[in-house]
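Novice: Take this structure first; my questions come after.
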Amino acid sequence: MAQDHKLAIFRGRLKFKSIQSKIWGVFTLLSIITIIEVYLGIVKPEFLTTNRLFALKYLNWIFLILTVIKAYYITWDFMHMRDEKMGLRRSVVWTGVFLVCYLLFILLVEGNYIFDVYKENYIKFNF
Amino acid sequence: MDTTVAKPSTDNKTWSGGNRPLNASYGKMMMWFFIVSDALTFSGFLAAYGFSRFKFIDSWPIADEVFTHVPFIHGNFPMYYVAFMTFILILSSVTMVLAVDAGHHMKKNKVIVYLFLTIIGGLIFVGSQAWEWGTFIKGTYGAVETNGGKVLQFVKEDGSRVALGDFATPIHSERTSQGSNEAIWFYSETLETNVSLAEVTKGFLANESLLIRTQYLDKDGKRIVLSRAESVAKLKSDGKSIIEGANLRHNEYGTPLFADFFFFITGFHGFHVFSGVIFNIIIFFNVIIGTYERRKSYEMVEKVGLYWHFVDLVWVFVFTVFYLV
């Protein structure tokens, strides 16, 4: 049971000799990502905050993607999802991903609509 | 190899737990069920935060103006402390997964050491969370609330913030406090602020270099600063009361909804960390008295470990949503 860990990350490009060294390797990766996030959050480079893709700033896209990458490594390596069967992996991950995407879509579109109503309405909320 | 089809059980038992679908033990599978449902609860909260933020997208507080404090050090350090908290939580996740691994190899003493470190990490995190709440409730500069429930903050001409106490001119006044024997529907007095609106207005009028910053953002995401004439007019016509710090009704940093979501979501997460620490302490003592040694399996450490990593996983999202985006 304990011996059959999968020790490679990055689709097999980086192989570790033991489970301990894999854990520390993943920890290093997560720390680097966090440092990049905090650095970008403090510096806020001009071209990342002024340009937008789908109404979201580049900077925010970077934060969201880095967050999902971190979540992936925590789930796959710390929670041993990499070592579980594909059925368990899919039933947990896809259920969550599907429902979360649906919920976010509905609520964010609705929030944006209400913002427009406040903004375009005859009654201004400016006192 | 990976297959999606569960193997038929070897003992020909279909019911009463005979099969092991997905080759995971019953306890681990139930922990995964719980984690999925709890993840949906948290995403519900975070999506509600996103909803409210999109609703007030042009007047939402900017996180790195709110969380700028580090314990024992004065000055403006946006996000450093919360980055430290994130680091601590990831580190405690590492010690947890090392404890799980030591458990697989039946090394009791190593499990004890790693679990102990995990508990310490969790306690540091909860303590930091409490400190962060304390600073948020106490507030930094103070603000004036308008009749419409918006906030007005005070800046110098170069855009740097000024605390209310620094320019408010003291006006001598006498105040008698009302007691419960004097009114029928008396519950308690309203919260008393250090300066009054009259004092702030007087100081603002006397100090020509001060300007008012509204809670609205321009198209680059910067706070809109009014001109001196506009500032004076705004303060006189719309100023209603003083806000110092944040609570569920008033928030000196901007819309009260921000404070509500902050208290609710980080509070709910902090409660998860707290329960995780309790679970860890319970299995810590179980390991010491040798329960899992006798059971010949440290799977309980693995199950609690799953929960602990989940708490870390949620924090990664809370961190992004509250402090970065």
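If you're wondering about the labels, chains in the structure tokens are A, B, ... by order shown, residues count from 1 in each chain, ligands from 1 in order shown.
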As number ranges by chain, please: every residue in stretch 76-282 of chain B that DSSP puts in helix (DSSP H, G or I).
Specialist: B: 80-104, 108-138, 164-167, 197-206, 228-238, 256-282
Novice: Store the residues picked out above in a file with C-alpha atoms, as an mmCIF file, in the first residue's frame.
Specialist:
```cif
data_model
loop_
_atom_site.group_PDB
_atom_site.id
_atom_site.type_symbol
_atom_site.label_atom_id
_atom_site.label_comp_id
_atom_site.auth_asym_id
_atom_site.auth_seq_id
_atom_site.Cartn_x
_atom_site.Cartn_y
_atom_site.Cartn_z
ATOM 1 C CA TYR B 80 3.295 40.393 4.017
ATOM 2 C CA TYR B 81 1.635 38.985 7.091
ATOM 3 C CA VAL B 82 -1.069 37.087 5.241
ATOM 4 C CA ALA B 83 1.648 35.637 2.968
ATOM 5 C CA PHE B 84 3.364 34.441 6.121
ATOM 6 C CA MET B 85 0.099 32.851 7.305
ATOM 7 C CA THR B 86 -0.292 31.067 3.969
ATOM 8 C CA PHE B 87 3.268 29.815 4.232
ATOM 9 C CA ILE B 88 2.660 28.477 7.762
ATOM 10 C CA LEU B 89 -0.462 26.627 6.662
ATOM 11 C CA ILE B 90 1.285 25.020 3.668
ATOM 12 C CA LEU B 91 4.186 24.060 5.935
ATOM 13 C CA SER B 92 1.804 22.415 8.405
ATOM 14 C CA SER B 93 0.314 20.538 5.454
ATOM 15 C CA VAL B 94 3.802 19.257 4.647
ATOM 16 C CA THR B 95 4.384 18.015 8.202
ATOM 17 C CA MET B 96 0.949 16.362 8.095
ATOM 18 C CA VAL B 97 1.713 14.459 4.899
ATOM 19 C CA LEU B 98 5.072 13.441 6.396
ATOM 20 C CA ALA B 99 3.184 12.137 9.450
ATOM 21 C CA VAL B 100 0.885 10.128 7.172
ATOM 22 C CA ASP B 101 3.906 8.691 5.397
ATOM 23 C CA ALA B 102 5.642 7.817 8.673
ATOM 24 C CA GLY B 103 2.402 6.103 9.682
ATOM 25 C CA HIS B 104 2.509 3.946 6.552
ATOM 26 C CA LYS B 108 5.413 5.753 15.799
ATOM 27 C CA ASN B 109 7.920 8.324 17.064
ATOM 28 C CA LYS B 110 8.165 10.083 13.729
ATOM 29 C CA VAL B 111 4.362 10.320 13.550
ATOM 30 C CA ILE B 112 4.348 11.906 17.003
ATOM 31 C CA VAL B 113 6.938 14.536 16.049
ATOM 32 C CA TYR B 114 5.289 15.461 12.750
ATOM 33 C CA LEU B 115 1.792 15.602 14.266
ATOM 34 C CA PHE B 116 3.119 17.869 17.011
ATOM 35 C CA LEU B 117 4.609 20.240 14.414
ATOM 36 C CA THR B 118 1.310 20.222 12.513
ATOM 37 C CA ILE B 119 -0.607 21.194 15.653
ATOM 38 C CA ILE B 120 1.847 24.032 16.333
ATOM 39 C CA GLY B 121 1.450 25.291 12.754
ATOM 40 C CA GLY B 122 -2.342 25.204 13.060
ATOM 41 C CA LEU B 123 -2.246 27.129 16.329
ATOM 42 C CA ILE B 124 0.042 29.799 14.838
ATOM 43 C CA PHE B 125 -2.393 30.162 11.955
ATOM 44 C CA VAL B 126 -5.485 30.491 14.171
ATOM 45 C CA GLY B 127 -3.644 32.993 16.375
ATOM 46 C CA SER B 128 -2.653 35.061 13.335
ATOM 47 C CA GLN B 129 -6.226 34.975 12.126
ATOM 48 C CA ALA B 130 -7.444 36.295 15.492
ATOM 49 C CA TRP B 131 -4.841 39.057 15.397
ATOM 50 C CA GLU B 132 -5.873 39.987 11.876
ATOM 51 C CA TRP B 133 -9.500 40.219 12.965
ATOM 52 C CA GLY B 134 -8.452 42.401 15.898
ATOM 53 C CA THR B 135 -6.600 44.895 13.684
ATOM 54 C CA PHE B 136 -9.455 44.952 11.187
ATOM 55 C CA ILE B 137 -12.026 45.649 13.915
ATOM 56 C CA LYS B 138 -9.836 48.353 15.459
ATOM 57 C CA LEU B 164 -9.042 61.469 11.924
ATOM 58 C CA GLY B 165 -7.331 62.106 15.247
ATOM 59 C CA ASP B 166 -4.447 63.915 13.529
ATOM 60 C CA PHE B 167 -6.468 66.870 12.295
ATOM 61 C CA LEU B 197 -18.212 64.687 13.449
ATOM 62 C CA ALA B 198 -18.238 68.351 14.538
ATOM 63 C CA GLU B 199 -14.586 68.123 15.586
ATOM 64 C CA VAL B 200 -13.599 66.476 12.318
ATOM 65 C CA THR B 201 -15.482 69.064 10.264
ATOM 66 C CA LYS B 202 -13.911 71.933 12.190
ATOM 67 C CA GLY B 203 -10.411 70.496 11.776
ATOM 68 C CA PHE B 204 -11.006 69.804 8.092
ATOM 69 C CA LEU B 205 -12.146 73.376 7.409
ATOM 70 C CA ALA B 206 -9.139 74.772 9.284
ATOM 71 C CA ARG B 228 -10.911 71.025 -2.073
ATOM 72 C CA ALA B 229 -14.170 72.871 -2.885
ATOM 73 C CA GLU B 230 -15.995 69.606 -3.636
ATOM 74 C CA SER B 231 -14.579 68.041 -0.469
ATOM 75 C CA VAL B 232 -15.876 70.819 1.770
ATOM 76 C CA ALA B 233 -19.302 70.704 0.119
ATOM 77 C CA LYS B 234 -19.464 66.897 0.342
ATOM 78 C CA LEU B 235 -18.522 66.789 4.017
ATOM 79 C CA LYS B 236 -21.042 69.507 4.934
ATOM 80 C CA SER B 237 -23.951 68.105 2.953
ATOM 81 C CA ASP B 238 -23.522 64.336 3.302
ATOM 82 C CA PRO B 256 -19.965 47.087 5.050
ATOM 83 C CA LEU B 257 -20.578 43.974 2.924
ATOM 84 C CA PHE B 258 -16.816 43.588 2.609
ATOM 85 C CA ALA B 259 -16.495 43.367 6.384
ATOM 86 C CA ASP B 260 -19.464 40.997 6.607
ATOM 87 C CA PHE B 261 -17.981 38.593 4.097
ATOM 88 C CA PHE B 262 -14.539 38.913 5.651
ATOM 89 C CA PHE B 263 -15.837 37.989 9.101
ATOM 90 C CA PHE B 264 -18.058 35.227 7.796
ATOM 91 C CA ILE B 265 -15.729 33.476 5.355
ATOM 92 C CA THR B 266 -12.438 33.790 7.232
ATOM 93 C CA GLY B 267 -14.363 33.013 10.415
ATOM 94 C CA PHE B 268 -15.827 29.858 8.911
ATOM 95 C CA HIS B 269 -12.413 28.862 7.620
ATOM 96 C CA GLY B 270 -10.805 29.660 10.977
ATOM 97 C CA PHE B 271 -13.406 27.447 12.639
ATOM 98 C CA HIS B 272 -12.375 24.626 10.279
ATOM 99 C CA VAL B 273 -8.722 25.142 11.202
ATOM 100 C CA PHE B 274 -9.689 25.120 14.871
ATOM 101 C CA SER B 275 -11.603 21.837 14.519
ATOM 102 C CA GLY B 276 -8.689 20.437 12.513
ATOM 103 C CA VAL B 277 -6.360 21.276 15.394
ATOM 104 C CA ILE B 278 -8.736 19.499 17.807
ATOM 105 C CA PHE B 279 -8.804 16.384 15.563
ATOM 106 C CA ASN B 280 -5.028 16.481 15.323
ATOM 107 C CA ILE B 281 -4.704 16.700 19.105
ATOM 108 C CA ILE B 282 -7.034 13.723 19.558
#
```
Novice: Determine which residues of chain A sit within 8 Å of chain B, taking into account only C-alpha atoms, and present them as a ChimeraX atom specification.
Specialist: /A:2,19-20,23-24,27,30-31,34-35,37-38,41-42,49-50,59-60,63-64,67,70-71,74-75,78-79,84-88,92,95-96,99-100,103-104,107-108,110-115,125-127
Novice: Considering only strand (DSSP E or B) as DSSP defines it on the backbone, what residues of stretch 194-324 of chain B qualify? List them as a list of chain:residue names.
Specialist: B:Leu211, B:Ile212, B:Arg213, B:Thr214, B:Gln215, B:Tyr216, B:Leu217, B:Arg223, B:Ile224, B:Val225, B:Gly239, B:Lys240, B:Ser241, B:Ile242, B:Ile243, B:Ala246, B:Asn251
Novice: I need the residue nearest A:Val93 from this list: A:Tyr58, A:Phe105, A:Trp76, A:Tyr122. Use only C-alpha atoms for the distance.
Specialist: A:Trp76
Novice: Which one is closest to B:Lys107: B:Ser297, B:Asn207, B:Thr214, B:Asn286? Count only C-alpha atoms.
Specialist: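 Between B:Ser297, B:Asn207, B:Thr214, B:Asn286, the residue approaching B:Lys107 most closely is B:Ser297.
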